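Structure, as C-alpha cells:
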Amino acid sequence: MLTLYHSPMSRSTSIVSLIEELGADVDIITVTVPRQDGTGARDPRNPHPEGKVPLLVHDGQHIRERGAIVAHLCALYPDAGLAPAPGTADHGRFLSWLFYYQGVMEPVMVASILELSHPGFEATFRDKAAMARVLETALKDGPYLMGDTFSAADLLLHSPFGWMPEFTPDSQVIRDWVARCAARPSIAHAAARDQESMSA
C-alpha cells in the first residue's frame, strides 16, 4: 500500500503530478504544515519526523525527500516510461539529475531568495549562473533533460520555476523547457486540486 502525505501548494505538489503521470495507485492524505508566513501548523496525522511534506509511506516504510520519492515511484511503475530502466547508463544519468536538484539547485535557490552570499557556499554549490549553464547545456541536445522524452527529472527540476517564475534564468532555452513541462495536464490538475483544498 502506498500513501502520500501532501500539503497544498508545497513541495509535495510535484509528487501529486507525478502520481498522475505514472497512473500510480496512491492514497493521498492532505495535511497541514507550518508556512513561512506564519500560517498553518504541524499536523499530528503526518508521520514525517519533522512534520514536513512530501512523505511517502510504502507498506509501513517511510520514504522522505522528493528525489527519493520520485526514484522509488518510477521504479514501482516502470511501464509509465518516466525513468530509464534501472541498471542502465541512462538511469545513472537520470539519478544524477534528481540528486543535482536536491543537492545543488535547492540550496542555490534558497541562498538566492534569502540574499545569502559566501565564498565557501559558492565554491561548494556554485551560483544561479552556474546552475543555468548546467541546464542550458543539457537542453541543447533535446527538448528535455534526458533528450527527446519527458521524464520525472523534468517534472522535478522545472517545479521551482513554476512556483517562482521570477527565478527562472534569463535563457530562452530554459524558459521554453519550463513552458513545455508546465503545459502537461498533470501540472494543471495538481494545481487545481490544491486550489480546491485551500478553498474548502
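Labels for the C-alpha cells follow display order: chains A, B, ..., residues from 1 in each chain, ligands from 1.
Backbone DSSP assigns strand (DSSP E) in chain A to Leu2, Thr3, Leu4, Tyr5, His6, Asp27, Ile28, Ile29, Thr30, Leu55, Leu56, Val57, His58, Gln61, His62, Ile63 and Arg64 of chain A.
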Find the residues near stretch 176-179 of chain A: any atom within 9 Å, counting only C-alpha atoms, skip ones fewer than 6 places away on the same chain, and give them as a ChimeraX atom specification.
/A:139,143-145,154,158-159,161-162,168
Selection to disk with C-alpha atoms, as a tab-separated table (two decimals), in the first residue's frame:
```tsv
chain	number	residue	atom	x	y	z
A	139	LEU	CA	18.77	21.17	-23.01
A	143	PRO	CA	13.68	19.45	-25.54
A	144	TYR	CA	14.06	17.65	-22.20
A	145	LEU	CA	16.85	16.87	-19.76
A	154	ASP	CA	11.96	17.28	-15.88
A	158	HIS	CA	11.23	22.53	-13.53
A	159	SER	CA	8.93	22.70	-10.48
A	161	PHE	CA	10.33	27.79	-11.71
A	162	GLY	CA	6.61	27.09	-11.88
A	168	THR	CA	13.71	31.31	-14.00
```
Restricting the calculation to only C-alpha atoms: of A:Glu136, A:Asp25, A:Asp90, A:Asp79, which residue gets closest to A:Ser171?
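Counting only C-alpha atoms, the residue closest to A:Ser171 is A:Glu136.
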Please provide as a list in words all residues within 6 Å of A:Tyr5, with the sequence filter that same-chain residues fewer than 4 positions apart are discarded (counting only C-alpha atoms).
Ile29, Pro54 and Leu55 of chain A
Atoms to include: N, CA and C atoms. Write the selected residues as a PDB file, in the first residue's frame.
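Output below, filename result19.pdb:
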```
ATOM      1  N   ILE A  29      -3.201  11.761   1.402  1.00  0.00           N
ATOM      2  CA  ILE A  29      -3.760  12.343   2.620  1.00  0.00           C
ATOM      3  C   ILE A  29      -3.283  13.790   2.713  1.00  0.00           C
ATOM      4  N   PRO A  54       6.891  16.308   1.053  1.00  0.00           N
ATOM      5  CA  PRO A  54       6.110  15.086   0.978  1.00  0.00           C
ATOM      6  C   PRO A  54       6.702  13.966   1.840  1.00  0.00           C
ATOM      7  N   LEU A  55       5.847  13.056   2.196  1.00  0.00           N
ATOM      8  CA  LEU A  55       6.262  11.799   2.812  1.00  0.00           C
ATOM      9  C   LEU A  55       5.477  10.694   2.132  1.00  0.00           C
TER      10      LEU A  55
END
```
When you look at A:Lys128 with a cut-off of 12 Å (counting only C-alpha atoms), what residues show up, excluding the ones that are within fewer than 3 positions of it in the same chain? I need them as a PyMOL selection string.
chain A and resi 104-113+115+117+122+125+131-135+167-171
Report the distance between atom CA of A:Asp43 and atom CA of A:Thr30 in Å, rounded to one decimal place.
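Going from atom CA of A:Asp43 over to atom CA of A:Thr30, I get 9.6 Å.
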Among stretch 9-186 of chain A, which ones does DSSP place in alpha helix (DSSP H), written as number ranges by chain?
A: 13-22, 66-76, 89-100, 106-113, 119-125, 128-139, 152-163, 172-182, 185-186
Same residues, C-alpha atoms, output as a PDB file, in the first residue's frame:
```pdb
ATOM      1  CA  THR A  13       2.504  19.164  -5.243  1.00  0.00           C
ATOM      2  CA  SER A  14       5.040  17.916  -7.779  1.00  0.00           C
ATOM      3  CA  ILE A  15       4.648  14.406  -6.360  1.00  0.00           C
ATOM      4  CA  VAL A  16       0.882  14.639  -6.873  1.00  0.00           C
ATOM      5  CA  SER A  17       1.605  15.475 -10.519  1.00  0.00           C
ATOM      6  CA  LEU A  18       3.999  12.530 -10.739  1.00  0.00           C
ATOM      7  CA  ILE A  19       1.373  10.159  -9.358  1.00  0.00           C
ATOM      8  CA  GLU A  20      -0.969  11.159 -12.187  1.00  0.00           C
ATOM      9  CA  GLU A  21       1.785  10.848 -14.786  1.00  0.00           C
ATOM     10  CA  LEU A  22       2.566   7.340 -13.559  1.00  0.00           C
ATOM     11  CA  ARG A  66      11.408  14.371  -3.266  1.00  0.00           C
ATOM     12  CA  GLY A  67      14.307  12.891  -5.201  1.00  0.00           C
ATOM     13  CA  ALA A  68      13.993   9.606  -3.315  1.00  0.00           C
ATOM     14  CA  ILE A  69      10.217   9.545  -3.722  1.00  0.00           C
ATOM     15  CA  VAL A  70      10.488  10.236  -7.456  1.00  0.00           C
ATOM     16  CA  ALA A  71      13.034   7.451  -7.944  1.00  0.00           C
ATOM     17  CA  HIS A  72      11.014   4.991  -5.856  1.00  0.00           C
ATOM     18  CA  LEU A  73       7.694   5.632  -7.590  1.00  0.00           C
ATOM     19  CA  CYS A  74       9.273   5.446 -11.038  1.00  0.00           C
ATOM     20  CA  ALA A  75      10.795   2.076 -10.119  1.00  0.00           C
ATOM     21  CA  LEU A  76       7.381   0.816  -8.992  1.00  0.00           C
ATOM     22  CA  ALA A  89      23.714   4.098 -18.076  1.00  0.00           C
ATOM     23  CA  ASP A  90      20.755   6.371 -18.778  1.00  0.00           C
ATOM     24  CA  HIS A  91      19.291   5.514 -15.392  1.00  0.00           C
ATOM     25  CA  GLY A  92      22.500   6.700 -13.780  1.00  0.00           C
ATOM     26  CA  ARG A  93      22.172   9.981 -15.667  1.00  0.00           C
ATOM     27  CA  PHE A  94      18.528  10.232 -14.569  1.00  0.00           C
ATOM     28  CA  LEU A  95      19.505   9.739 -10.921  1.00  0.00           C
ATOM     29  CA  SER A  96      22.201  12.381 -11.329  1.00  0.00           C
ATOM     30  CA  TRP A  97      19.509  14.947 -12.163  1.00  0.00           C
ATOM     31  CA  LEU A  98      17.437  14.005  -9.116  1.00  0.00           C
ATOM     32  CA  PHE A  99      20.464  14.352  -6.843  1.00  0.00           C
ATOM     33  CA  TYR A 100      21.544  17.565  -8.579  1.00  0.00           C
ATOM     34  CA  GLU A 106      17.532  23.868  -3.966  1.00  0.00           C
ATOM     35  CA  PRO A 107      20.446  25.189  -1.872  1.00  0.00           C
ATOM     36  CA  VAL A 108      21.372  27.684  -4.609  1.00  0.00           C
ATOM     37  CA  MET A 109      17.783  28.881  -4.947  1.00  0.00           C
ATOM     38  CA  VAL A 110      17.252  29.232  -1.205  1.00  0.00           C
ATOM     39  CA  ALA A 111      20.504  31.179  -0.867  1.00  0.00           C
ATOM     40  CA  SER A 112      19.453  33.468  -3.701  1.00  0.00           C
ATOM     41  CA  ILE A 113      15.994  34.082  -2.247  1.00  0.00           C
ATOM     42  CA  PRO A 119      32.719  32.224  -0.992  1.00  0.00           C
ATOM     43  CA  GLY A 120      32.584  28.865   0.769  1.00  0.00           C
ATOM     44  CA  PHE A 121      28.974  28.320  -0.233  1.00  0.00           C
ATOM     45  CA  GLU A 122      29.610  29.271  -3.846  1.00  0.00           C
ATOM     46  CA  ALA A 123      32.704  27.072  -4.036  1.00  0.00           C
ATOM     47  CA  THR A 124      30.594  24.122  -2.883  1.00  0.00           C
ATOM     48  CA  PHE A 125      27.265  24.704  -4.637  1.00  0.00           C
ATOM     49  CA  LYS A 128      22.494  30.776 -10.190  1.00  0.00           C
ATOM     50  CA  ALA A 129      24.598  31.469 -13.267  1.00  0.00           C
ATOM     51  CA  ALA A 130      26.414  28.142 -12.979  1.00  0.00           C
ATOM     52  CA  MET A 131      23.117  26.343 -12.404  1.00  0.00           C
ATOM     53  CA  ALA A 132      21.671  27.965 -15.529  1.00  0.00           C
ATOM     54  CA  ARG A 133      24.673  26.858 -17.590  1.00  0.00           C
ATOM     55  CA  VAL A 134      24.212  23.258 -16.455  1.00  0.00           C
ATOM     56  CA  LEU A 135      20.560  23.295 -17.532  1.00  0.00           C
ATOM     57  CA  GLU A 136      21.281  25.056 -20.821  1.00  0.00           C
ATOM     58  CA  THR A 137      23.992  22.567 -21.729  1.00  0.00           C
ATOM     59  CA  ALA A 138      21.656  19.626 -21.104  1.00  0.00           C
ATOM     60  CA  LEU A 139      18.769  21.170 -23.010  1.00  0.00           C
ATOM     61  CA  ALA A 152      10.324  12.567 -14.000  1.00  0.00           C
ATOM     62  CA  ALA A 153      13.593  14.520 -13.842  1.00  0.00           C
ATOM     63  CA  ASP A 154      11.957  17.282 -15.882  1.00  0.00           C
ATOM     64  CA  LEU A 155       8.933  17.238 -13.613  1.00  0.00           C
ATOM     65  CA  LEU A 156      11.100  17.687 -10.522  1.00  0.00           C
ATOM     66  CA  LEU A 157      13.656  20.173 -11.808  1.00  0.00           C
ATOM     67  CA  HIS A 158      11.226  22.528 -13.531  1.00  0.00           C
ATOM     68  CA  SER A 159       8.928  22.700 -10.483  1.00  0.00           C
ATOM     69  CA  PRO A 160      10.523  25.633  -8.607  1.00  0.00           C
ATOM     70  CA  PHE A 161      10.332  27.789 -11.714  1.00  0.00           C
ATOM     71  CA  GLY A 162       6.606  27.092 -11.881  1.00  0.00           C
ATOM     72  CA  TRP A 163       6.198  28.363  -8.320  1.00  0.00           C
ATOM     73  CA  GLN A 172      15.172  31.241 -23.823  1.00  0.00           C
ATOM     74  CA  VAL A 173      16.172  27.577 -23.856  1.00  0.00           C
ATOM     75  CA  ILE A 174      15.319  27.216 -20.166  1.00  0.00           C
ATOM     76  CA  ARG A 175      12.115  29.273 -20.413  1.00  0.00           C
ATOM     77  CA  ASP A 176      10.911  27.115 -23.314  1.00  0.00           C
ATOM     78  CA  TRP A 177      11.682  23.947 -21.344  1.00  0.00           C
ATOM     79  CA  VAL A 178       9.793  25.237 -18.294  1.00  0.00           C
ATOM     80  CA  ALA A 179       6.809  26.091 -20.510  1.00  0.00           C
ATOM     81  CA  ARG A 180       6.812  22.619 -22.092  1.00  0.00           C
ATOM     82  CA  CYS A 181       6.860  20.952 -18.684  1.00  0.00           C
ATOM     83  CA  ALA A 182       4.248  23.291 -17.186  1.00  0.00           C
ATOM     84  CA  PRO A 185      -2.085  18.214 -17.880  1.00  0.00           C
ATOM     85  CA  SER A 186      -0.815  16.663 -14.645  1.00  0.00           C
TER      86      SER A 186
END
```
Pick from A:Leu56, A:Gln36, A:Pro44, A:Glu50, whichever lies nearest to A:Met1 using only C-alpha atoms
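Once distances to A:Met1 are computed over only C-alpha atoms, the minimum belongs to A:Leu56.
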Coordinates-based distance that separates atom CA of A:Asp27 from atom CA of A:Thr3 (Å, one decimal)
4.6 Å
Could you check which of A:Pro78, A:Pro49, A:Met164, A:Ala183 is closest to A:Met9, using only C-alpha atoms?
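Ranked by minimum distance to A:Met9, first place goes to A:Met164.
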Can you pull out the residues contacting A:Gly40? Cut-off 12 Å, using only C-alpha atoms, and skip same-chain residues under 4 positions away; I want them as a compact mmCIF listing (two decimals) with N, CA and C atoms, in the first residue's frame.
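Below you can see selection-v4.txt, which holds the result:
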```txt
# COMPACT_ATOMS: atom_id res chain seq x y z
N SER A 7 0.61 18.47 1.34
CA SER A 7 0.02 19.74 1.73
C SER A 7 -0.09 20.61 0.49
N PRO A 8 -1.25 21.23 0.26
CA PRO A 8 -1.44 22.02 -0.96
C PRO A 8 -0.41 23.13 -1.10
N SER A 10 2.78 23.18 -1.95
CA SER A 10 4.04 22.91 -1.26
C SER A 10 4.91 22.04 -2.17
N VAL A 31 -2.56 17.14 4.55
CA VAL A 31 -2.22 17.57 5.91
C VAL A 31 -1.80 19.04 5.88
N THR A 32 -1.72 19.63 7.06
CA THR A 32 -1.23 21.00 7.18
C THR A 32 0.25 20.98 7.55
N VAL A 33 0.93 22.05 7.18
CA VAL A 33 2.34 22.23 7.56
C VAL A 33 2.53 23.68 7.96
N PRO A 34 3.52 23.98 8.79
CA PRO A 34 3.82 25.38 9.09
C PRO A 34 4.30 26.10 7.84
N ARG A 35 3.77 27.29 7.60
CA ARG A 35 4.14 28.08 6.41
C ARG A 35 5.06 29.22 6.82
N GLN A 36 5.83 29.70 5.84
CA GLN A 36 6.78 30.78 6.13
C GLN A 36 6.08 32.06 6.56
N GLY A 51 7.53 16.84 10.48
CA GLY A 51 6.24 17.42 10.14
C GLY A 51 6.18 17.99 8.74
N LYS A 52 7.10 17.57 7.86
CA LYS A 52 7.18 18.12 6.52
C LYS A 52 6.46 17.25 5.50
N MET A 198 -7.42 24.33 -0.73
CA MET A 198 -7.18 25.57 0.02
C MET A 198 -8.46 26.36 0.25
```
